[in-house]
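> Structure file run.csv, CSV, C-alpha atoms and all ligand atoms, is pasted below:
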```csv
chain,number,residue,atom,x,y,z
A,1,MET,CA,7.0,44.0,16.0
A,2,LYS,CA,3.8,42.2,16.9
A,3,PRO,CA,2.4,39.9,14.2
A,4,SER,CA,-0.8,41.1,12.6
A,5,ILE,CA,-4.1,39.3,12.7
A,6,LEU,CA,-7.6,39.7,11.4
A,7,ILE,CA,-10.7,38.9,13.5
A,8,ALA,CA,-13.0,38.3,10.7
A,9,ARG,CA,-16.3,38.7,12.4
A,10,ALA,CA,-17.7,40.6,15.4
A,11,ILE,CA,-16.7,39.0,18.7
A,12,PHE,CA,-16.7,39.7,22.5
A,13,PRO,CA,-14.7,42.9,23.1
A,14,GLU,CA,-12.7,41.3,25.9
A,15,VAL,CA,-11.4,38.7,23.4
A,16,ILE,CA,-10.2,41.6,21.1
A,17,SER,CA,-8.4,43.1,24.1
A,18,ARG,CA,-6.8,39.8,24.9
A,19,LEU,CA,-5.6,39.3,21.4
A,20,SER,CA,-4.4,42.9,21.2
A,21,SER,CA,-1.9,42.3,23.9
A,22,HIS,CA,-0.2,39.8,21.6
A,23,PHE,CA,-0.9,41.1,18.1
A,24,GLU,CA,-1.7,44.0,15.9
A,25,VAL,CA,-5.4,43.4,15.5
A,26,GLU,CA,-7.8,44.4,12.7
A,27,SER,CA,-11.3,43.6,13.9
A,28,ASN,CA,-14.7,43.7,12.3
A,29,GLN,CA,-17.1,44.8,15.0
A,30,ASP,CA,-19.5,46.0,12.2
A,31,ASP,CA,-19.8,42.3,11.4
A,32,ARG,CA,-19.6,42.6,7.7
A,33,VAL,CA,-19.6,39.2,6.1
A,34,PHE,CA,-16.7,39.5,3.7
A,35,THR,CA,-16.9,38.2,0.2
A,36,PRO,CA,-13.9,35.9,-0.7
A,37,GLN,CA,-12.3,38.8,-2.5
A,38,GLU,CA,-12.7,41.1,0.5
A,39,LEU,CA,-11.3,38.4,2.8
A,40,VAL,CA,-8.2,38.1,0.6
A,41,GLN,CA,-7.8,41.8,0.6
A,42,LYS,CA,-8.3,42.1,4.4
A,43,MET,CA,-5.9,39.3,5.0
A,44,GLN,CA,-2.9,40.8,3.2
A,45,GLY,CA,0.0,41.1,5.6
A,46,LYS,CA,-1.7,39.1,8.3
A,47,SER,CA,-0.1,36.1,10.0
A,48,GLY,CA,-3.3,34.8,11.5
A,49,VAL,CA,-7.0,34.9,11.5
A,50,LEU,CA,-9.8,34.2,13.9
A,51,CYS,CA,-12.8,33.4,11.8
A,52,THR,CA,-16.2,31.6,11.8
A,53,ALA,CA,-17.7,29.2,9.2
A,54,SER,CA,-18.7,32.1,7.0
A,55,ALA,CA,-15.0,32.5,5.9
A,56,ARG,CA,-14.0,30.0,3.3
A,57,PHE,CA,-10.3,29.2,3.2
A,58,ASN,CA,-9.9,27.1,0.1
A,59,ALA,CA,-6.8,26.5,-2.0
A,60,GLU,CA,-7.5,29.4,-4.2
A,61,VAL,CA,-7.8,31.8,-1.3
A,62,LEU,CA,-4.8,30.4,0.5
A,63,GLU,CA,-2.6,30.8,-2.6
A,64,GLN,CA,-3.1,34.5,-2.3
A,65,LEU,CA,-2.0,34.6,1.4
A,66,PRO,CA,1.6,33.7,1.5
A,67,GLU,CA,2.2,35.2,5.0
A,68,LEU,CA,-0.6,33.3,6.7
A,69,LYS,CA,0.5,30.9,9.4
A,70,ALA,CA,-2.6,30.2,11.5
A,71,ILE,CA,-6.4,29.9,11.1
A,72,ALA,CA,-8.4,29.7,14.3
A,73,ASN,CA,-12.0,28.7,13.4
A,74,MET,CA,-14.5,29.6,16.1
A,75,ALA,CA,-16.7,26.5,15.4
A,76,VAL,CA,-16.3,22.8,16.0
A,77,GLY,CA,-17.2,22.2,12.3
A,78,TYR,CA,-14.5,23.1,9.9
A,79,ASP,CA,-15.8,22.3,6.4
A,80,ASN,CA,-15.0,25.9,5.5
A,81,LEU,CA,-11.3,25.0,5.7
A,82,ASP,CA,-9.4,23.1,3.1
A,83,LEU,CA,-7.1,21.2,5.5
A,84,PRO,CA,-4.8,19.5,2.9
A,85,ALA,CA,-4.2,22.9,1.3
A,86,CYS,CA,-3.5,24.4,4.8
A,87,THR,CA,-1.1,21.6,5.5
A,88,ALA,CA,0.7,22.0,2.2
A,89,ARG,CA,1.3,25.6,3.1
A,90,ARG,CA,2.3,24.8,6.8
A,91,ILE,CA,-0.7,26.8,8.0
A,92,LEU,CA,-1.9,25.6,11.5
A,93,ALA,CA,-5.7,25.2,11.4
A,94,SER,CA,-7.7,24.8,14.6
A,95,ASN,CA,-11.3,24.5,15.8
A,96,THR,CA,-13.2,24.8,19.1
A,97,PRO,CA,-14.4,21.3,20.1
A,98,ASP,CA,-15.7,20.2,23.5
A,99,VAL,CA,-16.6,23.6,24.9
A,100,LEU,CA,-19.9,23.5,23.1
A,101,ASN,CA,-20.9,19.8,23.5
A,102,GLU,CA,-23.4,20.1,26.3
A,103,THR,CA,-25.0,23.4,25.1
A,104,THR,CA,-25.4,21.9,21.6
A,105,ALA,CA,-26.9,18.7,23.0
A,106,ASP,CA,-29.3,20.8,25.1
A,107,PHE,CA,-30.4,22.5,21.9
A,108,GLY,CA,-30.8,19.2,20.0
A,109,TRP,CA,-33.2,18.3,22.7
A,110,ALA,CA,-35.1,21.6,22.5
A,111,LEU,CA,-35.5,21.1,18.7
A,112,LEU,CA,-36.6,17.5,19.1
A,113,MET,CA,-39.2,18.4,21.7
A,114,ALA,CA,-40.5,21.4,19.7
A,115,THR,CA,-40.7,19.4,16.6
A,116,ALA,CA,-42.3,16.2,17.9
A,117,ARG,CA,-44.7,18.2,20.2
A,118,ARG,CA,-45.5,20.9,17.6
A,119,VAL,CA,-44.6,23.7,20.0
A,120,THR,CA,-43.9,26.5,17.4
A,121,GLU,CA,-46.7,25.5,15.1
A,122,SER,CA,-49.2,25.7,17.9
A,123,GLU,CA,-47.8,28.9,19.2
A,124,HIS,CA,-48.1,30.5,15.8
A,125,TRP,CA,-51.7,29.4,15.7
A,126,LEU,CA,-52.4,30.8,19.1
A,127,ARG,CA,-50.7,34.1,18.2
A,128,ALA,CA,-52.8,34.3,15.1
A,129,GLY,CA,-55.9,34.4,17.3
A,130,LYS,CA,-57.2,31.0,16.2
A,131,TRP,CA,-57.6,29.3,19.6
A,132,ASP,CA,-61.3,28.9,19.8
A,133,LYS,CA,-61.7,25.9,22.2
A,134,TRP,CA,-59.9,22.8,23.5
A,135,ARG,CA,-60.3,19.8,21.2
A,136,TYR,CA,-59.2,16.2,21.7
A,137,ASP,CA,-57.3,16.2,18.4
A,138,TYR,CA,-55.7,19.6,18.3
A,139,PHE,CA,-51.9,19.4,17.6
A,140,LEU,CA,-51.4,15.7,18.3
A,141,GLY,CA,-47.7,15.1,18.3
A,142,SER,CA,-45.5,12.1,18.8
A,143,ASP,CA,-44.2,10.9,22.1
A,144,ILE,CA,-40.6,11.3,23.1
A,145,HIS,CA,-40.6,9.1,26.2
A,146,GLY,CA,-40.2,5.5,25.5
A,147,SER,CA,-39.5,6.0,21.8
A,148,THR,CA,-36.5,5.0,19.8
A,149,LEU,CA,-33.9,7.7,19.1
A,150,GLY,CA,-31.7,7.3,16.1
A,151,ILE,CA,-28.5,9.3,16.2
A,152,ILE,CA,-26.4,9.6,13.0
A,153,GLY,CA,-22.9,10.9,13.9
A,154,MET,CA,-22.0,9.6,17.4
A,155,GLY,CA,-19.2,12.0,18.3
A,156,ARG,CA,-19.0,13.9,21.5
A,157,ILE,CA,-22.2,15.9,20.8
A,158,GLY,CA,-24.1,12.8,19.7
A,159,GLN,CA,-23.0,11.0,22.9
A,160,ALA,CA,-24.1,14.0,25.0
A,161,ILE,CA,-27.6,13.8,23.3
A,162,ALA,CA,-27.8,10.1,24.0
A,163,ARG,CA,-27.0,10.5,27.7
A,164,ARG,CA,-29.9,13.0,28.0
A,165,SER,CA,-32.3,10.4,26.6
A,166,MET,CA,-31.9,8.2,29.7
A,167,GLY,CA,-34.4,10.5,31.5
A,168,PHE,CA,-37.0,9.8,28.8
A,169,ASP,CA,-36.6,6.0,29.0
A,170,MET,CA,-35.6,6.0,25.3
A,171,HIS,CA,-34.0,3.3,23.3
A,172,VAL,CA,-30.9,4.7,21.4
A,173,ILE,CA,-29.7,3.3,18.1
A,174,TYR,CA,-26.8,5.0,16.3
A,175,HIS,CA,-24.8,5.0,13.1
A,176,ASN,CA,-21.3,6.4,12.9
A,177,ARG,CA,-18.1,6.0,10.8
A,178,THR,CA,-16.6,4.0,13.6
A,179,ARG,CA,-18.3,2.0,16.3
A,180,LEU,CA,-18.0,3.3,19.9
A,181,THR,CA,-16.2,1.2,22.5
A,182,PRO,CA,-18.6,-0.9,24.8
A,183,GLU,CA,-17.8,1.5,27.6
A,184,GLN,CA,-18.8,4.5,25.5
A,185,GLU,CA,-22.0,2.7,24.3
A,186,ALA,CA,-22.9,1.9,27.9
A,187,HIS,CA,-22.4,5.6,28.9
A,188,ALA,CA,-24.5,6.7,26.0
A,189,ASN,CA,-27.7,5.1,27.3
A,190,ASN,CA,-26.6,1.6,26.0
A,191,ALA,CA,-26.7,2.9,22.5
A,192,GLN,CA,-26.9,0.1,19.9
A,193,TYR,CA,-24.8,0.3,16.7
A,194,VAL,CA,-26.8,-0.3,13.5
A,195,THR,CA,-26.6,0.4,9.8
A,196,LYS,CA,-27.9,3.6,8.5
A,197,GLU,CA,-30.8,1.8,6.8
A,198,GLU,CA,-31.8,0.0,10.0
A,199,LEU,CA,-31.6,3.2,11.9
A,200,LEU,CA,-33.9,5.0,9.5
A,201,ALA,CA,-36.4,2.2,9.4
A,202,ARG,CA,-36.6,1.8,13.2
A,203,ALA,CA,-36.1,5.3,14.7
A,204,ASP,CA,-39.1,7.3,15.9
A,205,HIS,CA,-36.8,10.4,15.9
A,206,VAL,CA,-33.7,10.8,13.8
A,207,MET,CA,-31.1,13.3,15.0
A,208,LEU,CA,-28.2,14.3,12.7
A,209,VAL,CA,-25.0,15.3,14.4
A,210,LEU,CA,-22.3,14.3,11.9
A,211,PRO,CA,-19.7,16.6,10.3
A,212,TYR,CA,-20.2,17.8,6.8
A,213,SER,CA,-17.8,16.7,4.0
A,214,SER,CA,-18.1,15.7,0.4
A,215,GLY,CA,-18.6,12.1,1.8
A,216,THR,CA,-21.6,13.2,4.0
A,217,HIS,CA,-23.2,15.5,1.4
A,218,HIS,CA,-26.9,14.6,1.2
A,219,THR,CA,-26.6,11.8,3.8
A,220,ILE,CA,-30.4,12.3,4.0
A,221,SER,CA,-32.1,12.5,0.5
A,222,GLU,CA,-35.1,11.0,-1.2
A,223,ASP,CA,-34.2,7.4,-0.6
A,224,GLU,CA,-33.4,7.8,3.1
A,225,LEU,CA,-36.5,9.9,3.7
A,226,ALA,CA,-38.6,7.1,2.1
A,227,MET,CA,-37.1,4.6,4.6
A,228,MET,CA,-38.3,6.6,7.6
A,229,LYS,CA,-41.6,6.0,9.4
A,230,PRO,CA,-44.4,8.3,8.4
A,231,THR,CA,-44.7,9.3,12.1
A,232,ALA,CA,-41.0,10.0,12.4
A,233,THR,CA,-39.3,13.3,13.1
A,234,LEU,CA,-35.9,14.5,11.7
A,235,VAL,CA,-33.6,16.9,13.5
A,236,ASN,CA,-30.6,18.5,11.8
A,237,LEU,CA,-28.1,20.1,14.2
A,238,ALA,CA,-25.1,19.5,12.1
A,239,ARG,CA,-24.6,21.4,8.8
A,240,GLY,CA,-26.7,22.3,5.8
A,241,GLY,CA,-25.9,20.0,2.9
A,242,ILE,CA,-26.1,16.9,5.1
A,243,VAL,CA,-29.8,16.9,4.2
A,244,ASN,CA,-31.1,17.5,0.7
A,245,ASP,CA,-33.5,20.3,1.5
A,246,VAL,CA,-35.5,20.0,-1.7
A,247,ALA,CA,-36.1,16.3,-0.9
A,248,LEU,CA,-37.0,17.1,2.7
A,249,ILE,CA,-39.5,19.8,1.6
A,250,ASP,CA,-41.2,17.2,-0.6
A,251,ALA,CA,-41.3,14.6,2.2
A,252,LEU,CA,-42.7,17.1,4.6
A,253,ARG,CA,-45.3,18.3,2.1
A,254,HIS,CA,-46.5,14.8,1.4
A,255,LYS,CA,-46.2,13.7,5.0
A,256,THR,CA,-43.7,10.9,4.1
A,257,ILE,CA,-42.3,11.9,7.5
A,258,ALA,CA,-44.2,13.7,10.2
A,259,ALA,CA,-42.0,16.7,10.9
A,260,ALA,CA,-38.5,18.2,10.9
A,261,GLY,CA,-36.5,20.5,13.2
A,262,LEU,CA,-33.7,22.4,11.4
A,263,ASP,CA,-31.0,24.6,12.8
A,264,VAL,CA,-28.9,24.5,9.6
A,265,PHE,CA,-29.7,24.8,5.9
A,266,GLU,CA,-28.1,24.4,2.5
A,267,ASN,CA,-26.8,27.9,1.5
A,268,GLU,CA,-27.6,29.5,4.8
A,269,PRO,CA,-28.3,32.2,5.8
A,270,LYS,CA,-30.4,32.0,2.7
A,271,PHE,CA,-32.7,29.0,2.7
A,272,HIS,CA,-35.3,27.4,0.5
A,273,SER,CA,-38.4,29.6,0.9
A,274,ASP,CA,-40.8,26.6,0.6
A,275,PHE,CA,-39.9,25.8,4.2
A,276,LEU,CA,-41.9,28.8,5.2
A,277,THR,CA,-45.0,27.4,3.6
A,278,LEU,CA,-44.9,24.3,5.8
A,279,ASN,CA,-46.4,23.9,9.3
A,280,ASN,CA,-44.6,20.7,10.1
A,281,VAL,CA,-41.1,22.2,10.3
A,282,VAL,CA,-39.4,24.1,13.1
A,283,LEU,CA,-36.8,26.5,11.8
A,284,THR,CA,-34.0,28.1,13.8
A,285,PRO,CA,-31.1,30.3,12.6
A,286,HIS,CA,-28.0,28.1,13.5
A,287,ILE,CA,-28.1,28.8,17.2
A,288,ALA,CA,-27.3,25.4,18.7
A,289,SER,CA,-24.3,26.7,20.6
A,290,ALA,CA,-25.7,30.1,21.3
A,291,THR,CA,-25.5,30.6,25.1
A,292,GLU,CA,-23.4,33.4,26.5
A,293,PRO,CA,-21.0,31.1,28.4
A,294,THR,CA,-20.5,28.7,25.5
A,295,ARG,CA,-20.0,31.4,22.9
A,296,ARG,CA,-17.5,33.1,25.2
A,297,ALA,CA,-15.7,29.8,25.8
A,298,MET,CA,-15.6,29.2,22.0
A,299,ALA,CA,-14.2,32.7,21.4
A,300,ASN,CA,-11.5,32.2,24.1
A,301,CYS,CA,-10.7,28.7,22.8
A,302,ALA,CA,-10.2,30.1,19.3
A,303,ALA,CA,-8.0,32.9,20.8
A,304,ASP,CA,-5.9,30.3,22.7
A,305,ASN,CA,-5.4,28.4,19.5
A,306,LEU,CA,-4.3,31.5,17.6
A,307,ILE,CA,-1.9,32.7,20.4
A,308,ALA,CA,-0.3,29.3,20.6
A,309,ALA,CA,0.1,28.9,16.9
A,310,LEU,CA,1.7,32.3,16.4
A,311,GLN,CA,4.0,31.8,19.4
A,312,ASN,CA,5.3,28.6,17.8
A,313,ARG,CA,3.5,26.4,20.3
A,314,ARG,CA,1.1,23.6,19.3
A,315,PRO,CA,-2.4,24.9,19.3
A,316,PRO,CA,-4.5,22.9,21.8
A,317,ASN,CA,-7.0,22.0,19.1
A,318,LEU,CA,-4.8,21.6,16.1
A,319,LEU,CA,-6.6,20.0,13.2
A,320,ASN,CA,-3.6,19.3,10.9
A,321,PRO,CA,-0.6,18.1,12.9
A,322,ALA,CA,1.1,17.2,9.7
A,323,ALA,CA,1.6,21.0,9.2
A,324,LEU,CA,4.1,20.9,12.1
A,325,ILE,CA,6.4,18.5,10.4
B,1,LIG,C1,-21.4,25.4,14.7
B,1,LIG,O1,-22.1,25.1,13.8
B,1,LIG,C2,-20.1,24.8,14.9
B,1,LIG,O2,-19.6,24.1,14.1
B,1,LIG,O3,-19.5,25.1,16.0
```
Could you express the structure from this file as structure tokens?


Amino acid sequence: MKPSILIARAIFPEVISRLSSHFEVESNQDDRVFTPQELVQKMQGKSGVLCTASARFNAEVLEQLPELKAIANMAVGYDNLDLPACTARRILASNTPDVLNETTADFGWALLMATARRVTESEHWLRAGKWDKWRYDYFLGSDIHGSTLGIIGMGRIGQAIARRSMGFDMHVIYHNRTRLTPEQEAHANNAQYVTKEELLARADHVMLVLPYSSGTHHTISEDELAMMKPTATLVNLARGGIVNDVALIDALRHKTIAAAGLDVFENEPKFHSDFLTLNNVVLTPHIASATEPTRRAMANCAADNLIAALQNRRPPNLLNPAALI
């Protein structure tokens, strides 16, 4: 008998077909976002799940799923998975790294440009019929070329962003848990390793690309925003919770920093409604990896991981090798 799996959210139909040749599949093409109770109920009798960050597998949920053997998260971030609890239960957890690096880095650039050059703010003004004349001081933004880019979280996506900055003659400074090798730094536009404090004080544009964990919760809050230049922009591509959104709203309102570009929010898809009252913030609905080829690659990568795990092979992107022991 084929093992049973749940595909917890809507996905490309061809990926359902692929998985159906290996498993009994329950899919969710209506794309209902399950409550934790519904998830537990849907998961009964399932050996595996292909899910996104909206499904939270914590110790309490896992305890109710004794048959579960594999979780394939269709995301590079995996803060929705309690890895120690997965390991304790010998559940193989995986994510989808690498396939989204370049697409996400492109979007970081889109958000940076839109934020610093006030693209969406000026478009809203134009659409509202307010464009009366050309004026020397309408929508003055800040330059990207020749500026200092500060990247917090210099993993594969951070390095892809740094490489793109070469074309803009930028100076790159970065802060990361571990320093890159000299070769990696050279490849990332000669990025210079600095403390977080130095980065915040020197950067014209700060880009957040670090994973979320209890250790990175509110990496940017009141104190950090106060260290930034009043002309600086902040871009968050990583996860809600890395920035204290209430503190950011205050900083944007009082122009402690110039502007922010946000693809992720605390408690998304709900977000703090005060963001909507501010002109100096660009808001996008968690779409950094959203191109057709990349989302397809992510879905297939998650499927590869799930198939391997349930065929007793090592998933290519296993997050908890200790679960194999
Ligand atoms: C998206 O946010 C991801 O983690 O892939």

> Mind giving me the straight-line distance from CA of Gly241 (chain A) to CA of His145 (chain A) in Å, one decimal?

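Between CA of Gly241 (chain A) and CA of His145 (chain A) the gap is 29.6 Å.
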
> Any idea what the distance is between CA of Leu234 (chain A) and CA of Ser142 (chain A)?

12.2 Å

> 9 Å from ligand LIG 1 (chain B) is the threshold here; counting only C-alpha atoms and all ligand atoms, which polymer residues fall inside it? Answer as a VMD selection string.

chain A and resid 52 to 53 73 to 79 95 to 97 100 104 211 237 to 239 263 to 264 286 to 289 298

> Tell me, in Å to one decimal, how far CA of Arg56 (chain A) is from CA of His22 (chain A).

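Separation between CA of Arg56 (chain A) and CA of His22 (chain A): 24.9 Å.
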
> Just the residues within 10 Å of Val40 (chain A), please, counting all atoms listed in the file, with nothing from its chain fewer than 5 positions along; format it as a list in words.

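Non-adjacent residues within range: Phe34, Thr35, Phe57, Glu60, Val61, Leu62, Glu63, Gln64 and Leu65 of chain A.
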
> Can you pull out the residues contacting Val282 (chain A)? Cut-off 9 Å, using all atoms listed in the file, and skip same-chain residues under 2 positions away; I want them as a list in words.

Leu111, Ala114, Thr115, Arg118, Val119, Thr120, Glu121, Ala259, Ala260, Gly261, Leu262, Asp263, Asn279, Asn280 and Thr284 of chain A

> For Ala85 (chain A), which residue among A:Thr178, A:Ser214, A:Thr294, A:Asn320 is the nearest when counting only C-alpha atoms?

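Using only C-alpha atoms, the shortest distance to Ala85 (chain A) belongs to A:Asn320.
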
> Go through A:Gly240, A:Pro66, A:Pro230, A:Gly153 one by one, measure the shortest atom-to-atom distance of each to His218 (chain A) using only C-alpha atoms, and give the residue with the smallest value.

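Ranking A:Gly240, A:Pro66, A:Pro230, A:Gly153 by distance to His218 (chain A), first place goes to A:Gly240.
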
> Given the choices A:Pro285, A:Gly150, A:Pro316, A:Gly129, which gets closest to Val206 (chain A) if the distance is worked out from all atoms listed in the file?

A:Gly150

> Of the candidates A:Asn244, A:Asn58, A:Gln29, A:Asn189, which shows the shortest atom-to-atom distance to His217 (chain A), using only C-alpha atoms?

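Between A:Asn244, A:Asn58, A:Gln29, A:Asn189, the residue approaching His217 (chain A) most closely is A:Asn244.
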
> Which residues come within 12 Å of Asp304 (chain A), counting all atoms listed in the file, excluding same-chain residues fewer than 3 positions away, as an MDAnalysis selection string?

chainID A and resid 15 18:19 22 50 70:74 94:96 297:301 307:311 313:318

> With all atoms listed in the file as the basis for distance, which of A:Ser27, A:Asn312, A:Thr87, A:Asn176 is at the shortest distance from Val49 (chain A)?

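The shortest atom-to-atom distance to Val49 (chain A) comes from A:Ser27.
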
> Using only C-alpha atoms for the distances, tell me which of A:Met113, A:Val235, A:Val243, A:Leu68 is nearest to Leu92 (chain A).

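Result for the nearest residue to Leu92 (chain A): A:Leu68.
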
> Write out as a ChimeraX atom specification each polymer residue whose atoms come within 8 Å of Val209 (chain A), counting all atoms listed in the file; drop sequence neighbours fewer than 4 positions from it.

/A:151-155,157-158,236-238

> For those residues, write C-alpha atoms to a file as a PDB file, in the coordinates of the input.


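To be explicit, this is the file written out as out_10.pdb:
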```pdb
ATOM      1  CA  ILE A 151     -28.500   9.300  16.200  1.00  0.00           C
ATOM      2  CA  ILE A 152     -26.400   9.600  13.000  1.00  0.00           C
ATOM      3  CA  GLY A 153     -22.900  10.900  13.900  1.00  0.00           C
ATOM      4  CA  MET A 154     -22.000   9.600  17.400  1.00  0.00           C
ATOM      5  CA  GLY A 155     -19.200  12.000  18.300  1.00  0.00           C
ATOM      6  CA  ILE A 157     -22.200  15.900  20.800  1.00  0.00           C
ATOM      7  CA  GLY A 158     -24.100  12.800  19.700  1.00  0.00           C
ATOM      8  CA  ASN A 236     -30.600  18.500  11.800  1.00  0.00           C
ATOM      9  CA  LEU A 237     -28.100  20.100  14.200  1.00  0.00           C
ATOM     10  CA  ALA A 238     -25.100  19.500  12.100  1.00  0.00           C
TER      11      ALA A 238
END
```

> I'd like the contact shell of Phe168 (chain A) - 12 Å cut-off, all atoms listed in the file, skipping same-chain residues fewer than 6 positions apart - returned as a PyMOL selection string.

chain A and resi 109+113+143-149+161-162+189
